[in-house]
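Engineer: Below is the file input-v9.txt, which contains compact mmCIF, C-alpha atoms and all ligand atoms.
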# COMPACT_ATOMS: atom_id res chain seq x y z
CA MET A 895 95.08 19.19 -40.40
CA LYS A 896 96.01 17.38 -43.59
CA THR A 897 93.79 14.58 -44.85
CA ILE A 898 94.07 11.48 -47.01
CA GLU A 899 91.57 8.99 -48.44
CA ARG A 900 91.83 5.23 -48.05
CA LYS A 901 90.24 2.33 -49.90
CA SER A 902 89.62 0.20 -46.79
CA LEU A 903 89.64 0.67 -43.03
CA LEU A 904 88.95 -2.45 -40.93
CA TYR A 905 91.58 -5.13 -40.94
CA LYS A 906 92.59 -8.16 -38.89
CA THR A 907 95.52 -7.37 -36.64
CA GLY A 908 98.53 -9.55 -35.91
CA VAL A 909 98.74 -8.23 -32.32
CA GLU A 910 98.64 -11.16 -29.92
CA TYR A 911 95.78 -9.82 -27.77
CA GLY A 912 93.87 -8.11 -30.60
CA ASP A 913 91.20 -8.98 -33.16
CA TYR A 914 90.40 -6.29 -35.76
CA THR A 915 91.93 -2.82 -35.85
CA ILE A 916 91.30 0.63 -37.32
CA ASN A 917 94.04 3.19 -38.03
CA HIS A 918 92.20 6.28 -39.20
CA VAL A 919 95.31 8.50 -39.11
CA GLN A 920 98.59 8.28 -40.97
CA GLY A 921 101.46 9.45 -38.77
CA CYS A 922 101.39 10.34 -35.07
CA ALA A 923 102.04 13.65 -33.31
CA HIS A 924 103.34 11.80 -30.22
CA GLY A 925 106.63 11.00 -31.95
CA CYS A 926 107.83 8.36 -29.49
CA MET A 927 111.54 7.62 -29.48
CA PHE A 928 111.50 3.98 -28.24
CA PRO A 929 111.65 3.96 -31.34
CA CYS A 930 108.10 3.71 -32.72
CA TYR A 931 107.49 0.46 -34.62
CA ALA A 932 104.67 2.06 -36.65
CA PHE A 933 106.97 4.89 -37.79
CA ASN A 934 109.68 2.43 -38.84
CA MET A 935 107.16 0.41 -40.85
CA ALA A 936 105.67 3.54 -42.46
CA LYS A 937 109.15 4.64 -43.46
CA ARG A 938 110.12 1.23 -44.79
CA PHE A 939 106.98 1.04 -46.97
CA GLY A 940 107.42 4.61 -48.21
CA ASN A 941 104.28 6.05 -46.53
CA VAL A 942 106.36 8.73 -44.79
CA LYS A 943 109.80 10.05 -45.65
CA SER A 944 110.97 11.50 -42.33
CA TYR A 945 110.30 11.76 -38.58
CA GLN A 946 109.12 15.34 -39.19
CA GLU A 947 106.51 14.12 -41.67
CA TRP A 948 105.43 11.38 -39.18
CA LEU A 949 104.82 14.11 -36.56
CA GLU A 950 102.30 15.81 -38.87
CA PRO A 951 99.42 13.32 -38.91
CA LYS A 952 96.96 13.02 -41.78
CA LEU A 953 93.36 12.15 -41.01
CA VAL A 954 91.59 9.50 -43.12
CA ILE A 955 88.73 11.72 -44.15
CA ASN A 956 86.52 8.97 -45.60
CA ALA A 957 86.80 6.72 -42.50
CA ILE A 958 83.07 6.81 -41.60
CA ASP A 959 81.98 6.14 -45.22
CA LEU A 960 84.33 3.15 -45.32
CA LEU A 961 83.01 1.82 -42.00
CA GLU A 962 79.43 2.08 -43.23
CA LYS A 963 80.37 -0.15 -46.14
CA GLU A 964 82.59 -2.59 -44.25
CA LEU A 965 80.69 -3.12 -40.99
CA PRO A 966 77.54 -4.78 -42.39
CA ARG A 967 79.78 -7.33 -44.14
CA LEU A 968 82.20 -7.99 -41.26
CA LYS A 969 80.18 -7.41 -38.08
CA ASP A 970 79.53 -11.11 -37.35
CA LYS A 971 83.22 -11.97 -37.62
CA ILE A 972 84.48 -9.18 -35.37
CA LYS A 973 84.88 -9.72 -31.62
CA SER A 974 86.45 -6.30 -30.98
CA VAL A 975 88.23 -3.45 -32.77
CA GLN A 976 91.49 -2.02 -31.46
CA LEU A 977 91.96 1.75 -31.80
CA CYS A 978 94.73 2.03 -32.88
CA PHE A 979 97.70 -0.09 -33.83
CA THR A 980 99.82 2.18 -36.05
CA THR A 981 98.83 5.60 -34.68
CA ASP A 982 97.15 7.08 -31.58
CA PRO A 983 93.35 7.70 -31.42
CA PHE A 984 93.75 10.90 -29.33
CA MET A 985 96.30 13.70 -29.90
CA SER A 986 95.93 16.88 -27.87
CA ASP A 987 97.03 19.24 -30.69
CA TYR A 988 94.70 17.60 -33.20
CA PRO A 989 91.13 17.59 -31.81
CA GLU A 990 89.91 16.35 -35.23
CA VAL A 991 91.56 13.00 -34.49
CA GLY A 992 89.66 12.53 -31.21
CA GLU A 993 86.39 13.68 -32.81
CA MET A 994 86.77 11.11 -35.57
CA THR A 995 87.69 8.44 -32.98
CA ILE A 996 84.46 9.07 -31.08
CA GLN A 997 82.42 8.91 -34.30
CA ILE A 998 84.09 5.60 -35.13
CA ILE A 999 83.40 4.15 -31.67
CA ASN A 1000 79.74 5.15 -31.94
CA LYS A 1001 79.50 3.59 -35.39
CA LEU A 1002 81.07 0.32 -34.13
CA ASN A 1003 78.72 0.28 -31.16
CA ASP A 1004 75.71 0.73 -33.48
CA TYR A 1005 76.64 -2.73 -34.77
CA ASN A 1006 77.24 -4.01 -31.23
CA VAL A 1007 81.00 -4.18 -31.88
CA PRO A 1008 83.16 -3.17 -28.87
CA ALA A 1009 86.08 -0.78 -29.28
CA ILE A 1010 89.32 -1.35 -27.36
CA VAL A 1011 91.00 2.04 -27.11
CA LEU A 1012 94.66 2.64 -26.24
CA THR A 1013 96.32 6.05 -26.01
CA LYS A 1014 99.33 7.94 -24.71
CA SER A 1015 97.11 11.01 -24.57
CA THR A 1016 94.40 12.07 -22.10
CA LEU A 1017 91.17 10.12 -22.61
CA PRO A 1018 88.26 12.59 -22.98
CA HIS A 1019 85.45 12.57 -20.39
CA GLU A 1020 82.96 12.31 -23.23
CA LEU A 1021 83.78 8.59 -23.51
CA ALA A 1022 81.85 8.02 -20.29
CA LYS A 1023 78.65 8.77 -22.25
CA LEU A 1024 79.25 5.97 -24.77
CA SER A 1025 78.28 2.30 -24.58
CA ARG A 1026 79.68 0.18 -21.73
CA ILE A 1027 80.79 -2.53 -24.18
CA ASN A 1028 84.00 -0.57 -24.88
CA GLN A 1029 87.34 -0.71 -23.03
CA TYR A 1030 89.52 2.35 -22.52
CA GLY A 1031 93.24 2.09 -21.92
CA ILE A 1032 96.42 4.08 -21.50
CA THR A 1033 100.02 3.15 -22.09
CA LEU A 1034 102.00 3.67 -18.90
CA VAL A 1035 105.59 2.44 -18.82
CA SER A 1036 106.85 4.82 -16.15
CA THR A 1037 105.64 7.47 -13.73
CA ASP A 1038 108.87 9.41 -14.12
CA GLU A 1039 108.35 12.59 -16.16
CA SER A 1040 112.02 12.81 -17.18
CA PHE A 1041 111.63 9.43 -18.88
CA ARG A 1042 108.56 10.75 -20.70
CA ASP A 1043 110.45 13.85 -21.87
CA LYS A 1044 113.14 11.67 -23.36
CA TYR A 1045 111.11 8.84 -24.92
CA GLU A 1046 107.53 10.12 -25.37
CA PRO A 1047 108.14 13.85 -25.83
CA TYR A 1048 104.76 14.97 -27.18
CA THR A 1049 102.43 12.71 -25.20
CA SER A 1050 100.25 13.64 -22.19
CA LYS A 1051 101.77 13.72 -18.73
CA TYR A 1052 101.50 10.42 -16.87
CA GLU A 1053 99.37 11.87 -14.06
CA ASP A 1054 96.93 13.37 -16.60
CA ARG A 1055 96.59 10.00 -18.31
CA ILE A 1056 95.92 8.20 -15.00
CA LYS A 1057 93.44 10.86 -13.86
CA ALA A 1058 91.42 10.60 -17.08
CA LEU A 1059 91.41 6.80 -16.91
CA LYS A 1060 90.24 6.89 -13.30
CA TYR A 1061 87.45 9.30 -14.23
CA LEU A 1062 86.13 6.74 -16.74
CA HIS A 1063 86.55 3.86 -14.28
CA GLU A 1064 84.56 5.75 -11.63
CA ARG A 1065 81.72 6.13 -14.12
CA GLY A 1066 81.50 2.41 -14.77
CA CYS A 1067 83.66 2.10 -17.91
CA LYS A 1068 86.00 -0.87 -18.36
CA THR A 1069 89.61 0.32 -18.16
CA TRP A 1070 93.02 -1.18 -18.85
CA VAL A 1071 96.73 -0.38 -18.95
CA SER A 1072 99.46 -1.40 -21.36
CA ILE A 1073 102.84 -1.47 -19.60
CA GLU A 1074 104.94 -1.91 -22.73
CA PRO A 1075 107.77 -1.36 -23.59
CA TYR A 1076 108.86 -1.58 -19.92
CA PRO A 1077 112.44 -0.23 -19.54
CA THR A 1078 115.33 -2.17 -18.01
CA PRO A 1079 117.18 -0.35 -15.15
CA ASN A 1080 119.97 0.85 -17.46
CA ILE A 1081 117.30 2.72 -19.48
CA ASN A 1082 115.41 4.00 -16.43
CA LYS A 1083 115.66 3.06 -12.76
CA GLN A 1084 112.15 2.91 -11.38
CA SER A 1085 109.74 0.92 -9.24
CA LEU A 1086 107.26 -1.38 -11.00
CA LYS A 1087 105.29 -1.81 -7.77
CA LYS A 1088 104.82 1.96 -7.49
CA LEU A 1089 103.58 2.09 -11.09
CA LEU A 1090 101.17 -0.83 -10.55
CA ASN A 1091 99.75 0.78 -7.43
CA ARG A 1092 98.86 3.91 -9.43
CA VAL A 1093 96.57 1.83 -11.67
CA LYS A 1094 95.19 -0.62 -9.12
CA PHE A 1095 91.63 0.24 -10.17
CA VAL A 1096 91.83 -1.10 -13.77
CA ASP A 1097 90.19 -4.28 -15.09
CA TYR A 1098 93.06 -5.50 -17.25
CA ILE A 1099 96.87 -5.14 -17.46
CA VAL A 1100 99.17 -6.04 -20.37
CA PHE A 1101 102.88 -6.23 -19.58
CA GLY A 1102 105.69 -6.44 -22.15
CA MET A 1103 109.43 -6.00 -22.38
CA TRP A 1104 111.52 -3.36 -24.13
CA HIS A 1105 112.69 -4.97 -27.34
CA TYR A 1106 113.60 -2.36 -29.88
CA ASN A 1107 117.28 -1.47 -29.62
CA LYS A 1108 120.73 -2.16 -28.30
CA LEU A 1109 120.06 -0.69 -24.84
CA ILE A 1110 118.35 -3.85 -23.65
CA SER A 1111 121.18 -6.18 -24.74
CA GLN A 1112 123.59 -3.92 -22.84
CA TYR A 1113 121.72 -4.94 -19.70
CA LYS A 1114 123.22 -8.36 -19.05
CA ASP A 1115 120.53 -9.72 -16.74
CA HIS A 1116 117.55 -8.61 -18.77
CA LYS A 1117 115.95 -12.08 -18.93
CA ALA A 1118 116.05 -12.49 -15.15
CA PHE A 1119 114.85 -8.90 -14.78
CA TYR A 1120 111.77 -9.48 -16.96
CA ASP A 1121 110.99 -12.79 -15.23
CA GLU A 1122 111.01 -10.97 -11.91
CA CYS A 1123 108.87 -8.12 -13.28
CA SER A 1124 106.39 -10.59 -14.83
CA GLU A 1125 106.02 -12.34 -11.48
CA THR A 1126 105.44 -9.00 -9.78
CA VAL A 1127 102.68 -8.20 -12.31
CA ILE A 1128 101.10 -11.66 -12.00
CA ASP A 1129 101.09 -11.57 -8.17
CA PHE A 1130 99.75 -8.02 -8.15
CA CYS A 1131 96.94 -8.86 -10.60
CA LYS A 1132 95.91 -12.03 -8.77
CA LYS A 1133 95.85 -10.24 -5.44
CA ASN A 1134 93.75 -7.40 -6.86
CA ASN A 1135 91.51 -9.51 -9.09
CA ILE A 1136 92.78 -7.89 -12.31
CA ARG A 1137 92.95 -9.82 -15.61
CA PHE A 1138 96.39 -9.78 -17.17
CA HIS A 1139 98.41 -10.75 -20.21
CA ILE A 1140 102.21 -11.04 -20.32
CA LYS A 1141 103.45 -10.47 -23.87
CA THR A 1142 105.26 -13.27 -25.69
CA GLY A 1143 109.00 -13.37 -25.00
CA THR A 1144 108.74 -11.38 -21.76
CA TYR A 1145 108.36 -14.23 -19.24
CA SER A 1146 110.33 -17.43 -19.64
CA LYS A 1147 108.59 -19.46 -16.95
CA GLY A 1148 105.18 -20.15 -18.42
CA GLU A 1149 102.02 -18.53 -17.07
CA SER A 1150 101.14 -15.52 -19.15
CA ASP A 1151 97.38 -15.14 -19.15
CA LEU A 1152 94.49 -14.90 -16.78
CA LEU A 1153 91.36 -14.18 -18.75
S1 LIG A 1201 101.89 6.93 -29.65
FE1 LIG A 1201 102.23 4.93 -30.59
S2 LIG A 1201 102.03 5.30 -32.80
FE2 LIG A 1201 102.32 7.29 -31.83
S3 LIG A 1201 104.52 7.66 -31.99
FE3 LIG A 1201 104.09 6.73 -29.96
S4 LIG A 1201 104.40 4.52 -30.27
FE4 LIG A 1201 104.22 5.47 -32.31
Let me see the structure of the file written as C-alpha cells.

Structural biologist:
Amino acid sequence: MKTIERKSLLYKTGVEYGDYTINHVQGCAHGCMFPCYAFNMAKRFGNVKSYQEWLEPKLVINAIDLLEKELPRLKDKIKSVQLCFTTDPFMSDYPEVGEMTIQIINKLNDYNVPAIVLTKSTLPHELAKLSRINQYGITLVSTDESFRDKYEPYTSKYEDRIKALKYLHERGCKTWVSIEPYPTPNINKQSLKKLLNRVKFVDYIVFGMWHYNKLISQYKDHKAFYDECSETVIDFCKKNNIRFHIKTGTYSKGESDLL
C-alpha cells in the first residue's frame, strides 16, 4: 500500500468521550456513505481530492518512530488514546494497517497508556494476547445487511464484527459498541432492542443520532424518535449493568451518562 510520513502523531481529540487520538492512516478503504465526516474534512483541507483517492489509504510509515519521541513527553498527560478518529484501525484488504495498529497498541501499553479501539472491520483474535488495559469496540448501527451494503459498502459484515467482539469479551477483554449514526425509520426501519440484545455482553455503549444530511430533517418526528431510542438504551444499560454515553444533541431530556 502507499505510504506517507508525518511530523507528529498523538493529538488531543475534540470527541466528547475521547482524550488523545492517533490516526496512522490517511484515507479509509471502508468508504462509508453516511457520509463520512473524516472524508469531508480531508477533502475540505485538500488532503484528498476524491472519494476514489479516499478509498486508497496511505499508511503513516514513521508512526512508531514518532510515538517513541512523543510518548515519553506526553505519557503523564494521557488518560487514553482513541484508535482512530479520522480513519479505521483495521481494514481487511490492507493487513499492513492492522499490523501497524497492533504495534501502536503495544507501544502505548509499554508506557501504561490504554488504547480505545473502534472499528467497522473484524477485530483480530490477536488482540486477546495484549494488555487488559485496552478497550475494543465496533460500530454497529444496524443488523440489517442491506443497510450495510448501502451505507458501509466495504466494511465487515455485522455478524462477523459481533462474533470477533464476543471472542475478545470471552477472553476477558473490555469491549464496547458505538451505535452512531443511528438511522431514523425513513432511512432504515429496524429494531433497536434487537440490536442491543446482540451486544448485551459489552461493558460500554455509546449511542448517537444520525446528523449528516437532509434525510433526518425529512423525518418530522426525529426528536421524539431519538428521545425514545435514548430511553431504550438507558433502560437496557441499567438493567444489564452496562456503562453508557448518549451523544450530545441526541436526548433532550437530560440523563446522558452512567460512568
Ligand atoms: S470507517 Fe469511519 S473513517 Fe472509514 S469511511 Fe467509514 S466513517 Fe469514514

Engineer: Considering only C-alpha atoms and all ligand atoms, can you say which of A:Cys978, A:Val1127, A:Val1093, A:Leu1002 comes closest to ligand LIG 1201 (chain A)?

Structural biologist: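 The answer is A:Cys978, which sits nearest to ligand LIG 1201 (chain A).
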
Engineer: Using all atoms listed in the file, which of A:Leu949, A:Leu1090, A:Val942, A:Leu968 sits nearest ligand LIG 1201 (chain A)?

Structural biologist: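 Among A:Leu949, A:Leu1090, A:Val942, A:Leu968, it is A:Leu949 that comes nearest to ligand LIG 1201 (chain A).
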
Engineer: Taking only residues of chain A that have an atom at most 9 Å from an atom of ligand LIG 1201 (chain A), what is each one's shortest atom pair and its distance in Å to one decimal, using all atoms listed in the file, in chain and number order, as CSV?

Structural biologist:
residue,atom,partner,partner_atom,distance
A:Gly921,CA,A:LIG1201,S2,7.3
A:Cys922,CA,A:LIG1201,FE2,4.5
A:Ala923,CA,A:LIG1201,FE2,6.5
A:His924,CA,A:LIG1201,S3,4.7
A:Gly925,CA,A:LIG1201,S3,4.0
A:Cys926,CA,A:LIG1201,FE3,4.1
A:Met927,CA,A:LIG1201,S3,7.5
A:Phe928,CA,A:LIG1201,S4,7.4
A:Pro929,CA,A:LIG1201,S4,7.3
A:Cys930,CA,A:LIG1201,FE4,4.3
A:Tyr931,CA,A:LIG1201,FE4,6.4
A:Ala932,CA,A:LIG1201,FE4,5.5
A:Phe933,CA,A:LIG1201,FE4,6.2
A:Trp948,CA,A:LIG1201,S3,8.1
A:Leu949,CA,A:LIG1201,S3,7.9
A:Cys978,CA,A:LIG1201,S2,8.0
A:Phe979,CA,A:LIG1201,S2,7.0
A:Thr980,CA,A:LIG1201,S2,5.0
A:Thr981,CA,A:LIG1201,S2,3.7
A:Asp982,CA,A:LIG1201,S1,5.1
A:Pro983,CA,A:LIG1201,S1,8.8
A:Met985,CA,A:LIG1201,S1,8.8
A:Thr1013,CA,A:LIG1201,S1,6.7
A:Lys1014,CA,A:LIG1201,S1,5.7
A:Ser1015,CA,A:LIG1201,S1,8.1
A:Thr1033,CA,A:LIG1201,S1,8.7
A:Tyr1045,CA,A:LIG1201,FE3,8.9
A:Glu1046,CA,A:LIG1201,FE3,6.7
A:Tyr1048,CA,A:LIG1201,FE3,8.7
A:Thr1049,CA,A:LIG1201,S1,7.3

Engineer: Atoms to include: C-alpha atoms. Write the selected residues as a PDB file, in the frame of the given file.

Structural biologist:
ATOM      1  CA  GLY A 921     101.460   9.450 -38.770  1.00  0.00           C
ATOM      2  CA  CYS A 922     101.390  10.340 -35.070  1.00  0.00           C
ATOM      3  CA  ALA A 923     102.040  13.650 -33.310  1.00  0.00           C
ATOM      4  CA  HIS A 924     103.340  11.800 -30.220  1.00  0.00           C
ATOM      5  CA  GLY A 925     106.630  11.000 -31.950  1.00  0.00           C
ATOM      6  CA  CYS A 926     107.830   8.360 -29.490  1.00  0.00           C
ATOM      7  CA  MET A 927     111.540   7.620 -29.480  1.00  0.00           C
ATOM      8  CA  PHE A 928     111.500   3.980 -28.240  1.00  0.00           C
ATOM      9  CA  PRO A 929     111.650   3.960 -31.340  1.00  0.00           C
ATOM     10  CA  CYS A 930     108.100   3.710 -32.720  1.00  0.00           C
ATOM     11  CA  TYR A 931     107.490   0.460 -34.620  1.00  0.00           C
ATOM     12  CA  ALA A 932     104.670   2.060 -36.650  1.00  0.00           C
ATOM     13  CA  PHE A 933     106.970   4.890 -37.790  1.00  0.00           C
ATOM     14  CA  TRP A 948     105.430  11.380 -39.180  1.00  0.00           C
ATOM     15  CA  LEU A 949     104.820  14.110 -36.560  1.00  0.00           C
ATOM     16  CA  CYS A 978      94.730   2.030 -32.880  1.00  0.00           C
ATOM     17  CA  PHE A 979      97.700  -0.090 -33.830  1.00  0.00           C
ATOM     18  CA  THR A 980      99.820   2.180 -36.050  1.00  0.00           C
ATOM     19  CA  THR A 981      98.830   5.600 -34.680  1.00  0.00           C
ATOM     20  CA  ASP A 982      97.150   7.080 -31.580  1.00  0.00           C
ATOM     21  CA  PRO A 983      93.350   7.700 -31.420  1.00  0.00           C
ATOM     22  CA  MET A 985      96.300  13.700 -29.900  1.00  0.00           C
ATOM     23  CA  THR A1013      96.320   6.050 -26.010  1.00  0.00           C
ATOM     24  CA  LYS A1014      99.330   7.940 -24.710  1.00  0.00           C
ATOM     25  CA  SER A1015      97.110  11.010 -24.570  1.00  0.00           C
ATOM     26  CA  THR A1033     100.020   3.150 -22.090  1.00  0.00           C
ATOM     27  CA  TYR A1045     111.110   8.840 -24.920  1.00  0.00           C
ATOM     28  CA  GLU A1046     107.530  10.120 -25.370  1.00  0.00           C
ATOM     29  CA  TYR A1048     104.760  14.970 -27.180  1.00  0.00           C
ATOM     30  CA  THR A1049     102.430  12.710 -25.200  1.00  0.00           C
TER      31      THR A1049
END

Engineer: Quick one: residues within 6 Å of A:Ile1136, all atoms listed in the file, excluding same-chain residues fewer than 2 positions away - as an mmCIF file with C-alpha atoms, in the frame of the given file?

Structural biologist:
data_model
loop_
_atom_site.group_PDB
_atom_site.id
_atom_site.type_symbol
_atom_site.label_atom_id
_atom_site.label_comp_id
_atom_site.auth_asym_id
_atom_site.auth_seq_id
_atom_site.Cartn_x
_atom_site.Cartn_y
_atom_site.Cartn_z
ATOM 1 C CA ASP A 1097 90.190 -4.280 -15.090
ATOM 2 C CA TYR A 1098 93.060 -5.500 -17.250
ATOM 3 C CA CYS A 1131 96.940 -8.860 -10.600
ATOM 4 C CA ASN A 1134 93.750 -7.400 -6.860
#

Engineer: Between atom CA of A:Lys1117 and atom CA of A:Ile1099, what is the distance, to one decimal in Å?

Structural biologist: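 These atoms are spaced 20.4 Å apart.
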
Engineer: Hey, what's within 10 Å of stretch 1101-1116 of chain A if we count all atoms listed in the file and toss same-chain stuff fewer than 2 positions away? As JSON, numbers by chain, please?

Structural biologist: {"A": [928, 929, 930, 931, 1034, 1035, 1071, 1072, 1073, 1074, 1075, 1076, 1077, 1078, 1079, 1080, 1081, 1099, 1118, 1119, 1120, 1121, 1122, 1123, 1124, 1127, 1128, 1138, 1139, 1140, 1141, 1142, 1143, 1144, 1145, 1150]}

Engineer: Please provide the set of residues having any atom within 10 Å of A:Lys896, restricted to all atoms listed in the file, with same-chain residues fewer than 3 positions apart removed, written as a list of chain:residue names.

Structural biologist: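 Near A:Lys896, the qualifying residues are A:Val919, A:Gln920, A:Glu950, A:Pro951, A:Lys952, A:Leu953, A:Val954, A:Ile955.
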
Engineer: Using the selection just defined, write its residues with C-alpha atoms as a CSV table (one decimal), in the coordinates of the input.

Structural biologist:
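result06.csv written:
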chain,number,residue,atom,x,y,z
A,919,VAL,CA,95.3,8.5,-39.1
A,920,GLN,CA,98.6,8.3,-41.0
A,950,GLU,CA,102.3,15.8,-38.9
A,951,PRO,CA,99.4,13.3,-38.9
A,952,LYS,CA,97.0,13.0,-41.8
A,953,LEU,CA,93.4,12.2,-41.0
A,954,VAL,CA,91.6,9.5,-43.1
A,955,ILE,CA,88.7,11.7,-44.2

Engineer: Counting only C-alpha atoms, figure out which residue out of A:Leu960, A:Ser902, A:Thr1037, A:Val1011 gets nearest to A:Ser1085.

Structural biologist: A:Thr1037

Engineer: Using all atoms listed in the file, which residues sit within 9 Å of A:Ile999 once same-chain residues fewer than 5 positions away are excluded, as a compact mmCIF listing (two decimals) with C-alpha atoms, in the coordinates of the input?

Structural biologist:
# COMPACT_ATOMS: atom_id res chain seq x y z
CA LEU A 977 91.96 1.75 -31.80
CA MET A 994 86.77 11.11 -35.57
CA ASP A 1004 75.71 0.73 -33.48
CA VAL A 1007 81.00 -4.18 -31.88
CA PRO A 1008 83.16 -3.17 -28.87
CA ALA A 1009 86.08 -0.78 -29.28
CA LEU A 1024 79.25 5.97 -24.77
CA SER A 1025 78.28 2.30 -24.58
CA ASN A 1028 84.00 -0.57 -24.88

Engineer: Compute the distance from (97.0, -5.9, -32.1) to each atom, counting all atoms listed in the file, keep the residues with any atom at most 10 Å away, and return them as a list in words; use the coordinates of the file.

Structural biologist: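 Protein, DNA and RNA residues close to (97.0, -5.9, -32.1): Lys906, Thr907, Gly908, Val909, Glu910, Tyr911, Gly912, Asp913, Tyr914, Thr915, Val975, Gln976, Leu977, Cys978, Phe979 and Thr980 of chain A.
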
Engineer: Between A:Asn917, A:Asn941, A:Asn934, A:Thr1016, single out the one closest to A:Ala1058, counting only C-alpha atoms.

Structural biologist: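 That would be A:Thr1016, the residue with the smallest distance to A:Ala1058.
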